[in-house]
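The file data.cif comes next; it holds mmCIF, C-alpha atoms and all ligand atoms.
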data_query
loop_
_atom_site.label_atom_id
_atom_site.label_comp_id
_atom_site.auth_asym_id
_atom_site.auth_seq_id
_atom_site.Cartn_x
_atom_site.Cartn_y
_atom_site.Cartn_z
CA MET A 29 103.86 93.95 81.90
CA LEU A 30 104.63 96.02 84.99
CA SER A 31 102.82 99.05 83.56
CA ASP A 32 99.62 97.04 83.05
CA VAL A 33 99.68 95.61 86.59
CA LEU A 34 100.31 99.05 88.05
CA ARG A 35 97.62 100.71 85.95
CA GLU A 36 95.05 98.25 87.29
CA ALA A 37 96.38 98.75 90.82
CA LEU A 38 95.19 102.37 90.66
CA SER A 39 91.61 101.18 91.10
CA ASP A 40 91.86 97.62 92.46
CA PRO A 41 94.01 95.86 95.07
CA VAL A 42 96.78 93.71 93.56
CA THR A 43 96.67 89.92 93.92
CA GLN A 44 99.29 87.83 95.68
CA ASP A 45 100.89 86.87 92.34
CA GLU A 46 100.93 90.48 91.20
CA ALA A 47 102.49 91.64 94.48
CA LEU A 48 105.30 89.12 94.05
CA TYR A 49 105.69 90.09 90.40
CA ILE A 50 106.08 93.77 91.36
CA LEU A 51 108.71 93.03 94.02
CA ASN A 52 110.73 90.95 91.56
CA LYS A 53 110.29 93.30 88.64
CA VAL A 54 111.08 96.64 90.30
CA GLN A 55 114.88 96.60 90.10
CA THR A 56 115.54 99.85 88.27
CA ILE A 57 114.98 103.51 89.15
CA GLU A 58 112.54 103.82 86.26
CA ASN A 59 110.42 100.92 87.53
CA PHE A 60 110.58 102.17 91.09
CA LEU A 61 109.34 105.59 90.00
CA GLU A 62 106.43 103.94 88.21
CA LEU A 63 105.56 101.98 91.39
CA ALA A 64 105.97 105.08 93.60
CA LYS A 65 103.66 107.12 91.39
CA VAL A 66 100.88 104.55 91.75
CA ALA A 67 101.45 103.94 95.49
CA SER A 68 101.28 107.71 96.19
CA LYS A 69 98.12 108.09 94.12
CA VAL A 70 96.45 105.15 95.91
CA ARG A 71 97.44 106.74 99.25
CA ASP A 72 95.98 110.12 98.22
CA ASP A 73 92.76 108.50 96.93
CA GLU A 74 92.21 106.08 99.83
CA VAL A 75 93.36 107.98 102.94
CA GLY A 76 94.05 111.49 101.66
CA ALA A 77 97.26 113.47 101.20
CA VAL A 78 97.58 114.00 104.95
CA PHE A 79 100.61 112.81 106.92
CA LYS A 80 100.21 111.72 110.55
CA PHE A 81 103.07 112.14 113.04
CA ASP A 82 102.77 109.91 116.12
CA GLY A 83 104.42 110.89 119.36
CA PHE A 84 106.35 108.31 121.36
CA ILE A 85 106.80 107.75 125.08
CA GLY A 86 109.10 104.92 126.10
CA SER A 87 110.08 102.67 127.46
CA VAL A 88 107.04 102.08 129.66
CA THR A 89 107.92 98.42 130.30
CA PRO A 90 111.17 96.49 130.67
CA CYS A 91 111.98 93.62 128.31
CA THR A 92 112.53 90.13 129.69
CA THR A 93 112.97 88.36 126.35
CA ASN A 94 115.82 85.94 126.91
CA PRO A 95 118.04 85.76 124.96
CA PRO A 96 117.39 89.24 123.54
CA CYS A 97 116.57 89.45 119.84
CA LYS A 98 119.81 89.29 117.86
CA TYR A 99 119.33 92.64 116.13
CA CYS A 100 118.19 94.51 119.25
CA SER A 101 120.47 96.90 121.11
CA ARG A 102 119.44 95.03 124.28
CA SER A 103 121.82 92.28 123.23
CA THR A 104 124.74 94.73 123.63
CA GLY A 105 123.72 94.94 127.30
CA ASN A 106 123.43 98.71 126.96
CA ARG A 107 119.71 99.47 127.35
CA PRO A 108 118.91 100.43 130.93
CA ASP A 109 115.57 101.82 129.70
CA PHE A 110 114.58 98.25 128.78
CA ALA A 111 115.97 96.77 132.00
CA GLU A 112 115.96 98.38 135.41
CA LYS A 113 114.99 101.90 134.30
CA PRO A 114 111.74 102.10 132.35
CA LEU A 115 109.93 105.44 132.70
CA THR A 116 108.13 106.18 135.96
CA THR A 117 104.46 107.22 136.02
CA GLU A 118 105.54 110.82 136.73
CA GLU A 119 107.91 110.76 133.75
CA ILE A 120 105.17 109.37 131.51
CA GLU A 121 102.84 112.14 132.63
CA LEU A 122 105.50 114.79 132.00
CA GLY A 123 106.26 113.20 128.61
CA ALA A 124 102.57 113.34 127.65
CA ARG A 125 102.40 117.04 128.61
CA LEU A 126 105.48 117.87 126.55
CA ILE A 127 104.29 115.94 123.50
CA ASP A 128 100.76 117.32 123.77
CA SER A 129 102.20 120.85 123.71
CA THR A 130 103.51 120.24 120.16
CA GLY A 131 100.03 119.70 118.67
CA THR A 132 100.57 115.96 118.30
CA LYS A 133 97.26 114.07 118.01
CA ARG A 134 98.29 110.49 118.85
CA VAL A 135 101.01 108.93 120.92
CA GLU A 136 102.59 105.51 121.23
CA LEU A 137 103.33 104.03 124.62
CA GLY A 138 106.16 101.67 123.75
CA GLY A 139 108.22 99.19 125.67
CA GLY A 140 109.81 95.78 125.79
CA THR A 141 108.05 92.48 126.35
CA LEU A 142 107.45 91.72 130.00
CA TRP A 143 106.66 88.02 129.67
CA SER A 144 105.05 87.83 133.11
CA GLY A 145 102.40 90.30 131.88
CA ALA A 146 102.39 94.07 131.38
CA GLY A 147 98.67 94.74 131.93
CA GLU A 148 99.11 96.65 135.16
CA LYS A 149 102.05 98.79 134.01
CA VAL A 150 100.35 99.61 130.74
CA THR A 151 97.05 100.53 132.40
CA GLU A 152 98.92 102.87 134.73
CA ALA A 153 100.77 104.46 131.81
CA VAL A 154 97.52 104.97 129.87
CA LYS A 155 95.90 106.64 132.89
CA ALA A 156 98.93 108.93 133.29
CA VAL A 157 98.61 110.13 129.68
CA LYS A 158 94.82 110.47 129.91
CA LYS A 159 95.18 112.58 133.05
CA VAL A 160 97.03 115.35 131.23
CA SER A 161 96.07 115.10 127.57
CA SER A 162 93.40 114.04 125.10
CA MET A 163 95.80 112.56 122.55
CA ASP A 164 94.82 109.20 121.04
CA ILE A 165 96.93 106.41 122.53
CA TRP A 166 98.32 103.24 121.07
CA ILE A 167 100.37 100.60 122.79
CA ASN A 168 103.33 98.53 121.70
CA VAL A 169 104.73 96.22 124.36
CA GLY A 170 104.91 92.91 122.48
CA PRO A 171 102.92 89.84 123.51
CA ALA A 172 102.60 90.91 127.15
CA LEU A 173 98.88 91.76 127.17
CA ASN A 174 96.11 89.17 127.53
CA LYS A 175 92.57 89.53 126.27
CA ASP A 176 91.32 91.02 129.56
CA ASP A 177 94.11 93.63 129.43
CA LEU A 178 93.08 94.50 125.88
CA ILE A 179 89.46 94.94 126.93
CA ARG A 180 90.55 97.10 129.86
CA VAL A 181 92.75 99.42 127.80
CA LYS A 182 90.00 99.70 125.20
CA GLU A 183 87.61 100.79 127.93
CA LEU A 184 90.16 103.39 128.98
CA GLY A 185 90.00 104.84 125.46
CA VAL A 186 93.07 103.29 123.80
CA ARG A 187 92.62 103.21 120.00
CA GLU A 188 95.21 100.77 118.71
CA VAL A 189 97.52 98.04 119.98
CA CYS A 190 100.50 96.74 118.08
CA SER A 191 101.57 93.18 117.55
CA SER A 192 104.74 93.09 115.44
CA LEU A 193 105.79 89.83 113.85
CA GLU A 194 108.77 91.39 112.01
CA THR A 195 108.77 88.26 109.80
CA ILE A 196 106.11 85.67 109.10
CA ASN A 197 108.74 83.06 108.25
CA PRO A 198 109.10 80.82 111.37
CA LYS A 199 112.71 79.89 110.56
CA VAL A 200 113.81 83.49 110.11
CA PHE A 201 111.91 84.48 113.26
CA LYS A 202 113.56 81.77 115.37
CA GLU A 203 117.01 82.67 114.10
CA ALA A 204 116.60 86.40 114.82
CA LYS A 205 114.39 86.16 117.91
CA PRO A 206 115.26 82.92 119.74
CA GLY A 207 113.79 84.18 123.02
CA ASP A 208 110.53 85.34 121.44
CA SER A 209 107.41 83.58 120.15
CA LEU A 210 105.85 84.00 116.73
CA GLU A 211 102.75 82.11 117.93
CA ALA A 212 102.29 84.51 120.87
CA ARG A 213 102.56 87.51 118.54
CA MET A 214 100.06 86.00 116.09
CA LYS A 215 97.67 85.23 118.96
CA LEU A 216 97.97 88.80 120.25
CA ALA A 217 97.14 90.12 116.76
CA GLU A 218 94.03 87.89 116.63
CA GLU A 219 92.91 89.09 120.07
CA ILE A 220 93.47 92.79 119.31
CA ASN A 221 91.27 92.32 116.25
CA GLU A 222 88.65 90.34 118.17
CA VAL A 223 88.17 92.92 120.91
CA GLY A 224 87.69 95.64 118.29
CA LEU A 225 90.89 97.62 118.86
CA GLY A 226 92.77 98.90 115.82
CA LEU A 227 95.52 96.41 114.98
CA LYS A 228 98.92 97.85 114.22
CA SER A 229 101.76 95.63 113.06
CA VAL A 230 105.33 95.82 111.88
CA MET A 231 107.39 93.88 109.35
CA MET A 232 111.14 94.15 109.03
CA VAL A 233 112.99 94.07 105.72
CA GLY A 234 116.47 92.57 105.63
CA LEU A 235 116.06 90.03 108.42
CA GLY A 236 116.39 87.12 105.97
CA SER A 237 112.80 87.01 104.72
CA SER A 238 112.26 86.39 100.99
CA TYR A 239 109.97 88.33 98.64
CA GLU A 240 107.54 85.40 99.02
CA ASP A 241 107.62 85.93 102.80
CA TYR A 242 106.88 89.65 102.47
CA VAL A 243 103.92 88.93 100.20
CA LYS A 244 102.61 86.21 102.52
CA HIS A 245 102.96 88.61 105.45
CA ILE A 246 101.11 91.46 103.68
CA PHE A 247 98.27 89.10 102.75
CA TRP A 248 98.15 87.77 106.32
CA PHE A 249 97.34 91.35 107.39
CA LYS A 250 94.40 91.40 105.01
CA LYS A 251 92.39 88.94 107.08
CA PHE A 252 92.07 91.40 110.01
CA GLU A 253 88.99 93.57 109.67
CA ASN A 254 90.34 95.98 112.32
CA LEU A 255 93.81 96.35 110.80
CA SER A 256 94.50 100.08 111.12
CA SER A 257 98.18 100.59 110.51
CA ILE A 258 101.38 98.86 109.45
CA SER A 259 105.01 99.92 109.58
CA ILE A 260 107.86 98.62 107.50
CA THR A 261 111.28 98.75 109.12
CA GLY A 262 114.70 97.67 107.89
CA LEU A 263 117.50 95.81 109.60
CA ARG A 264 120.12 98.02 111.23
CA PRO A 265 123.09 95.86 112.23
CA ILE A 266 124.05 97.45 115.55
CA PRO A 267 127.72 97.06 116.59
CA GLY A 268 128.05 94.61 119.47
CA THR A 269 124.92 92.63 118.58
CA PRO A 270 125.01 89.11 117.05
CA PHE A 271 123.72 90.64 113.79
CA GLN A 272 126.40 93.34 113.62
CA ASN A 273 127.91 91.94 110.41
CA ARG A 274 124.64 91.41 108.56
CA PRO A 275 124.02 93.72 105.60
CA MET A 276 121.98 96.81 106.44
CA ALA A 277 118.59 96.91 104.73
CA ASN A 278 118.57 98.92 101.54
CA PRO A 279 116.05 101.76 101.97
CA LEU A 280 114.88 101.26 98.38
CA GLU A 281 113.94 97.63 99.18
CA VAL A 282 112.10 98.86 102.29
CA ALA A 283 110.26 101.43 100.16
CA LYS A 284 109.32 98.76 97.59
CA VAL A 285 107.80 96.48 100.23
CA GLY A 286 105.85 99.40 101.73
CA ALA A 287 104.60 100.51 98.33
CA VAL A 288 103.36 96.99 97.56
CA ALA A 289 101.66 96.86 100.98
CA ARG A 290 99.87 100.10 100.04
CA LEU A 291 98.67 98.54 96.76
CA VAL A 292 97.29 95.53 98.66
CA LEU A 293 95.91 97.06 101.87
CA ARG A 294 94.75 100.37 100.32
CA ASP A 295 93.17 102.36 103.16
CA VAL A 296 95.22 101.49 106.25
CA ASP A 297 97.95 103.79 107.56
CA VAL A 298 101.34 102.83 106.12
CA GLY A 299 104.55 104.02 107.73
CA PHE A 300 108.24 103.22 107.84
CA GLY A 301 110.11 102.84 111.10
CA GLY A 302 113.14 101.58 112.97
CA ILE A 303 116.37 102.67 111.33
CA MET A 304 114.21 104.05 108.56
CA ASN A 305 113.10 106.86 110.91
CA ASP A 306 115.66 109.18 109.42
CA PRO A 307 114.06 112.49 108.35
CA ARG A 308 116.39 112.52 105.37
CA LEU A 309 114.50 109.46 104.10
CA LEU A 310 111.04 110.93 104.64
CA PRO A 311 110.64 112.04 100.99
CA LEU A 312 111.30 108.43 99.93
CA TRP A 313 108.57 107.14 102.26
CA ILE A 314 106.13 109.71 100.94
CA MET A 315 106.92 108.58 97.40
CA ALA A 316 106.29 104.97 98.49
CA GLY A 317 102.75 105.71 99.72
CA ALA A 318 103.32 106.42 103.43
CA ASN A 319 100.89 108.56 105.43
CA ARG A 320 102.18 108.05 108.96
CA ALA A 321 105.39 107.92 110.98
CA ILE A 322 106.51 107.28 114.53
CA HIS A 323 109.74 108.83 115.82
CA LEU A 324 109.65 111.62 113.26
CA GLY A 325 107.47 113.77 115.47
CA ALA A 326 107.79 114.43 119.19
CA HIS A 327 109.23 111.81 121.54
CA VAL A 328 110.23 111.24 125.09
CA HIS A 329 112.87 108.66 126.00
CA ARG A 330 115.02 107.84 128.98
CA PHE A 331 118.20 109.86 128.48
CA TRP A 332 120.83 107.16 128.03
CA SER A 333 122.86 107.89 124.92
CA THR A 334 123.52 110.59 122.41
CA PRO A 335 121.30 110.09 119.40
CA ILE A 336 121.98 111.80 116.08
CA ARG A 337 120.95 115.44 116.27
CA HIS A 338 119.02 116.52 113.23
CA PRO A 339 118.90 120.18 112.20
CA ASN A 340 115.71 122.18 112.97
CA THR A 341 114.98 119.76 115.82
CA PHE A 342 114.23 120.85 119.37
CA VAL A 343 115.93 118.84 122.14
CA GLU A 344 115.46 119.37 125.87
CA LYS A 345 116.54 117.37 128.91
CA HIS A 346 114.16 117.05 131.85
CA GLY A 347 115.80 115.17 134.71
CA ASP A 348 116.54 111.71 133.33
CA ILE A 349 114.36 112.00 130.26
CA GLU A 350 114.92 113.62 126.94
CA PHE A 351 112.26 115.39 124.90
CA ILE A 352 112.88 115.62 121.16
CA ASN A 353 110.60 117.51 118.79
CA MET A 354 111.31 116.92 115.12
CA LEU A 355 108.04 118.42 113.91
CA PRO A 356 109.55 121.78 112.82
CA LEU A 357 111.70 119.82 110.37
CA THR A 358 109.42 116.97 109.35
CA THR A 359 106.15 118.89 108.93
CA ARG A 360 107.97 121.25 106.58
CA LEU A 361 109.31 118.31 104.56
CA VAL A 362 105.84 116.77 104.10
CA ARG A 363 104.36 120.13 103.09
CA GLU A 364 107.11 120.60 100.55
CA MET A 365 106.16 117.16 99.19
CA GLY A 366 102.57 118.35 98.66
CA MET A 367 100.97 116.75 101.73
CA GLU A 368 99.27 118.26 104.74
CA ALA A 369 100.68 117.56 108.21
CA ASP A 370 98.12 116.19 110.65
CA VAL A 371 99.12 118.25 113.69
CA GLU A 372 97.12 120.89 115.53
S1 LIG A 401 111.39 91.91 122.33
FE1 LIG A 401 111.89 93.98 121.55
S2 LIG A 401 113.01 95.03 123.20
FE2 LIG A 401 112.96 92.83 123.69
S3 LIG A 401 114.88 92.01 122.89
FE3 LIG A 401 113.36 91.72 121.28
S4 LIG A 401 113.47 93.59 119.97
FE4 LIG A 401 114.56 94.02 121.93
#

Here is the file; what I need is its structure written in the form of structure tokens.
Amino acid sequence: MLSDVLREALSDPVTQDEALYILNKVQTIENFLELAKVASKVRDDEVGAVFKFDGFIGSVTPCTTNPPCKYCSRSTGNRPDFAEKPLTTEEIELGARLIDSTGTKRVELGGGTLWSGAGEKVTEAVKAVKKVSSMDIWINVGPALNKDDLIRVKELGVREVCSSLETINPKVFKEAKPGDSLEARMKLAEEINEVGLGLKSVMMVGLGSSYEDYVKHIFWFKKFENLSSISITGLRPIPGTPFQNRPMANPLEVAKVGAVARLVLRDVDVGFGGIMNDPRLLPLWIMAGANRAIHLGAHVHRFWSTPIRHPNTFVEKHGDIEFINMLPLTTRLVREMGMEADVE
């Protein structure tokens, strides 16, 4: 019975069979509420009722994945920030100052995959942030860092590095990311773990993976002793991309997968990202056991389009970059949900 499995999950991690059983069984609001109640309690018990908001500075590297991933806006040809116009060192420094001024405690340096190697660019970006702020830094530039780069950024004080597989199913990966390499991403994850950096990773719901794939993926995370954080995203079919006619991921499915990850992984940070970075969905993520988010705090991007403006959000243009601070909105939402916001 679902209730029995969930009752035991309050004190002990669920098994692979139980994780699959939960994903299959939770198909009604009543069952989802039962799962959410347990996932939130496990979050509160294991990591505390404190919600972390990561800042974001990007893109610090261009992307040379060819062809671009089929769901990525790069495949519309409309992402200068991932091509000829990643952020300059001065812009990264300014971005760090702006984000630091919001009380944010950790920041992501994000970018595309530079297959020839991003060690130098990333090191420069880390130094630029360190020069003006004491925020914790994590890096997400795909499989463009070798082991020496990882050691170097660790020495510079970087806390976490991300290696996102999106899906652990090789067929689904190849179909969605024909210019990318699942092996390279798995190797990067192994090396991040080996050098003693926190490993962050991302899985995407709605890319074509099955429930079995999600469970396999969550249990693959378990083998990393330095796993620190995972994010669950959902497919957003962007007009003009090869995946434009695919069905958009259902946020409830995304929440289910994240809640099950919480019941398996227990004390790592769990967040929801990508299209799921909508502040209107934040209460759902909190119900599903989340304690961390990127892109719901303060961010700096190359100014290149007009994103959705959310109410109670501060937006300011500085030259060619845009600074967005959603903390006035999102910290209030987490407090109203009974959690503390981890900002200074
Ligand atoms: S590696 Fe990342 S930035 Fe590059 S095409 Fe794929 S999803 Fe887009």

(request) Please provide the set of residues having any atom within 10 Å of A:Asp45, restricted to only C-alpha atoms, with same-chain residues fewer than 5 positions apart removed, written as a list in words. (result)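 Close residues of A:Asp45: Ile50, Glu240 and Val243 of chain A.
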
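Of the listed residues A:Ala77, A:Ala124, A:Leu291, A:Ala212, the one whose atoms come nearest to A:Glu36 is A:Leu291, with distances taken using all atoms listed in the file.
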
(request) Could you tell me which of A:Gly83, A:Lys215, A:Thr195, A:Glu118 comes closest to A:Asn353 if we count only C-alpha atoms? (result)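 Selected residue with least distance to A:Asn353: A:Gly83.
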
(message) How would you report the residues lying within 10 Å of ligand LIG 401 (chain A), as a PyMOL selection string, if you count all atoms listed in the file?
(response) chain A and resi 87+89-103+107+109-111+138-143+168-171+192+194+204-209

(message) Residues near A:Thr117, anyone? I mean within 7 Å using only C-alpha atoms, not counting same-chain ones fewer than 3 positions away, as number ranges by chain.
(response) A: 120-121, 153, 156

(request) One decimal, Å: what's the distance from atom CA of A:His338 over to atom CA of A:Asp82, could you say? (result)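 One can read the atom CA of A:His338 to atom CA of A:Asp82 distance as 17.8 Å.
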
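Closest approach to A:Lys53 among A:Val288, A:Leu255, A:Leu193, A:Ala172 is made by A:Val288 (distances from all atoms listed in the file).
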
Each residue of stretch 243-334 of chain A with at least one atom at most 10 Å from stretch 344-347 of chain A should appear once, together with its nearest atom pair and the corresponding distance in Å (one decimal); atoms considered: all atoms listed in the file; ordering: chain, then increasing residue number; output as a Markdown table.
| residue | atom | partner | partner_atom | distance |
| --- | --- | --- | --- | --- |
| A:Val328 | CA | A:Lys345 | CA | 9.6 |
| A:His329 | CA | A:Lys345 | CA | 9.9 |
| A:Arg330 | CA | A:Gly347 | CA | 9.3 |
| A:Phe331 | CA | A:Lys345 | CA | 7.7 |

(request) Just give me the gap between atom CA of A:Val223 and atom CA of A:Asp128 in Å, one decimal is fine. (result)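 These atoms are spaced 27.6 Å apart.
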
Distance query A:Arg290 at most 8 Å, all atoms listed in the file, self and fewer than 3 positions along chain excluded, as a CSV table (one decimal) with C-alpha atoms, keeping the file's coordinate frame:
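This is the output file selection-v7.csv:
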chain,number,residue,atom,x,y,z
A,67,ALA,CA,101.4,103.9,95.5
A,70,VAL,CA,96.4,105.2,95.9
A,71,ARG,CA,97.4,106.7,99.2
A,286,GLY,CA,105.8,99.4,101.7
A,287,ALA,CA,104.6,100.5,98.3
A,293,LEU,CA,95.9,97.1,101.9
A,294,ARG,CA,94.8,100.4,100.3
A,295,ASP,CA,93.2,102.4,103.2
A,296,VAL,CA,95.2,101.5,106.2
A,298,VAL,CA,101.3,102.8,106.1
A,317,GLY,CA,102.8,105.7,99.7
A,318,ALA,CA,103.3,106.4,103.4

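Atom CA of A:Gly147 to atom CA of A:Leu173 spans 5.6 Å [interatomic distance, one decimal].
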
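Those residues that approach A:Ala321 to within 7 Å, counting all atoms listed in the file, are Lys80, Phe81, Asp82, Gly299, Phe300, Gly301, His323 and Leu324 of chain A; same-chain residues fewer than 2 positions away are not listed.
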
Where atoms are missing, can you supply N, CA, C and O atoms for stretch 127-138 of chain A and output the lot as a PDB file, keeping the file's coordinate frame?
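selection-v1.pdb written:
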ATOM      1  N   ILE A 127     104.669 116.321 124.873  1.00  0.00           N
ATOM      2  CA  ILE A 127     104.290 115.940 123.500  1.00  0.00           C
ATOM      3  C   ILE A 127     102.981 116.621 123.101  1.00  0.00           C
ATOM      4  O   ILE A 127     102.842 117.129 121.990  1.00  0.00           O
ATOM      5  N   ASP A 128     102.047 116.667 124.031  1.00  0.00           N
ATOM      6  CA  ASP A 128     100.760 117.320 123.770  1.00  0.00           C
ATOM      7  C   ASP A 128     100.973 118.783 123.361  1.00  0.00           C
ATOM      8  O   ASP A 128     100.272 119.311 122.491  1.00  0.00           O
ATOM      9  N   SER A 129     101.977 119.423 123.976  1.00  0.00           N
ATOM     10  CA  SER A 129     102.200 120.850 123.710  1.00  0.00           C
ATOM     11  C   SER A 129     102.667 121.108 122.274  1.00  0.00           C
ATOM     12  O   SER A 129     102.703 122.245 121.821  1.00  0.00           O
ATOM     13  N   THR A 130     103.033 120.055 121.544  1.00  0.00           N
ATOM     14  CA  THR A 130     103.510 120.240 120.160  1.00  0.00           C
ATOM     15  C   THR A 130     102.376 120.161 119.144  1.00  0.00           C
ATOM     16  O   THR A 130     102.606 120.314 117.946  1.00  0.00           O
ATOM     17  N   GLY A 131     101.149 119.837 119.610  1.00  0.00           N
ATOM     18  CA  GLY A 131     100.030 119.700 118.670  1.00  0.00           C
ATOM     19  C   GLY A 131      99.881 118.287 118.135  1.00  0.00           C
ATOM     20  O   GLY A 131      99.079 118.024 117.240  1.00  0.00           O
ATOM     21  N   THR A 132     100.654 117.363 118.715  1.00  0.00           N
ATOM     22  CA  THR A 132     100.570 115.960 118.300  1.00  0.00           C
ATOM     23  C   THR A 132      99.204 115.379 118.672  1.00  0.00           C
ATOM     24  O   THR A 132      98.699 115.638 119.755  1.00  0.00           O
ATOM     25  N   LYS A 133      98.621 114.580 117.768  1.00  0.00           N
ATOM     26  CA  LYS A 133      97.260 114.070 118.010  1.00  0.00           C
ATOM     27  C   LYS A 133      97.216 112.649 118.555  1.00  0.00           C
ATOM     28  O   LYS A 133      96.197 112.217 119.069  1.00  0.00           O
ATOM     29  N   ARG A 134      98.306 111.876 118.338  1.00  0.00           N
ATOM     30  CA  ARG A 134      98.290 110.490 118.850  1.00  0.00           C
ATOM     31  C   ARG A 134      99.684 110.113 119.330  1.00  0.00           C
ATOM     32  O   ARG A 134     100.691 110.595 118.792  1.00  0.00           O
ATOM     33  N   VAL A 135      99.709 109.242 120.324  1.00  0.00           N
ATOM     34  CA  VAL A 135     101.010 108.930 120.920  1.00  0.00           C
ATOM     35  C   VAL A 135     101.126 107.432 121.161  1.00  0.00           C
ATOM     36  O   VAL A 135     100.147 106.771 121.534  1.00  0.00           O
ATOM     37  N   GLU A 136     102.311 106.915 120.927  1.00  0.00           N
ATOM     38  CA  GLU A 136     102.590 105.510 121.230  1.00  0.00           C
ATOM     39  C   GLU A 136     103.174 105.399 122.631  1.00  0.00           C
ATOM     40  O   GLU A 136     104.072 106.164 122.998  1.00  0.00           O
ATOM     41  N   LEU A 137     102.670 104.439 123.384  1.00  0.00           N
ATOM     42  CA  LEU A 137     103.330 104.030 124.620  1.00  0.00           C
ATOM     43  C   LEU A 137     104.072 102.749 124.273  1.00  0.00           C
ATOM     44  O   LEU A 137     103.448 101.709 124.026  1.00  0.00           O
ATOM     45  N   GLY A 138     105.386 102.815 124.227  1.00  0.00           N
ATOM     46  CA  GLY A 138     106.160 101.670 123.750  1.00  0.00           C
ATOM     47  C   GLY A 138     107.048 101.098 124.829  1.00  0.00           C
ATOM     48  O   GLY A 138     107.463 101.799 125.756  1.00  0.00           O
TER      49      GLY A 138
END
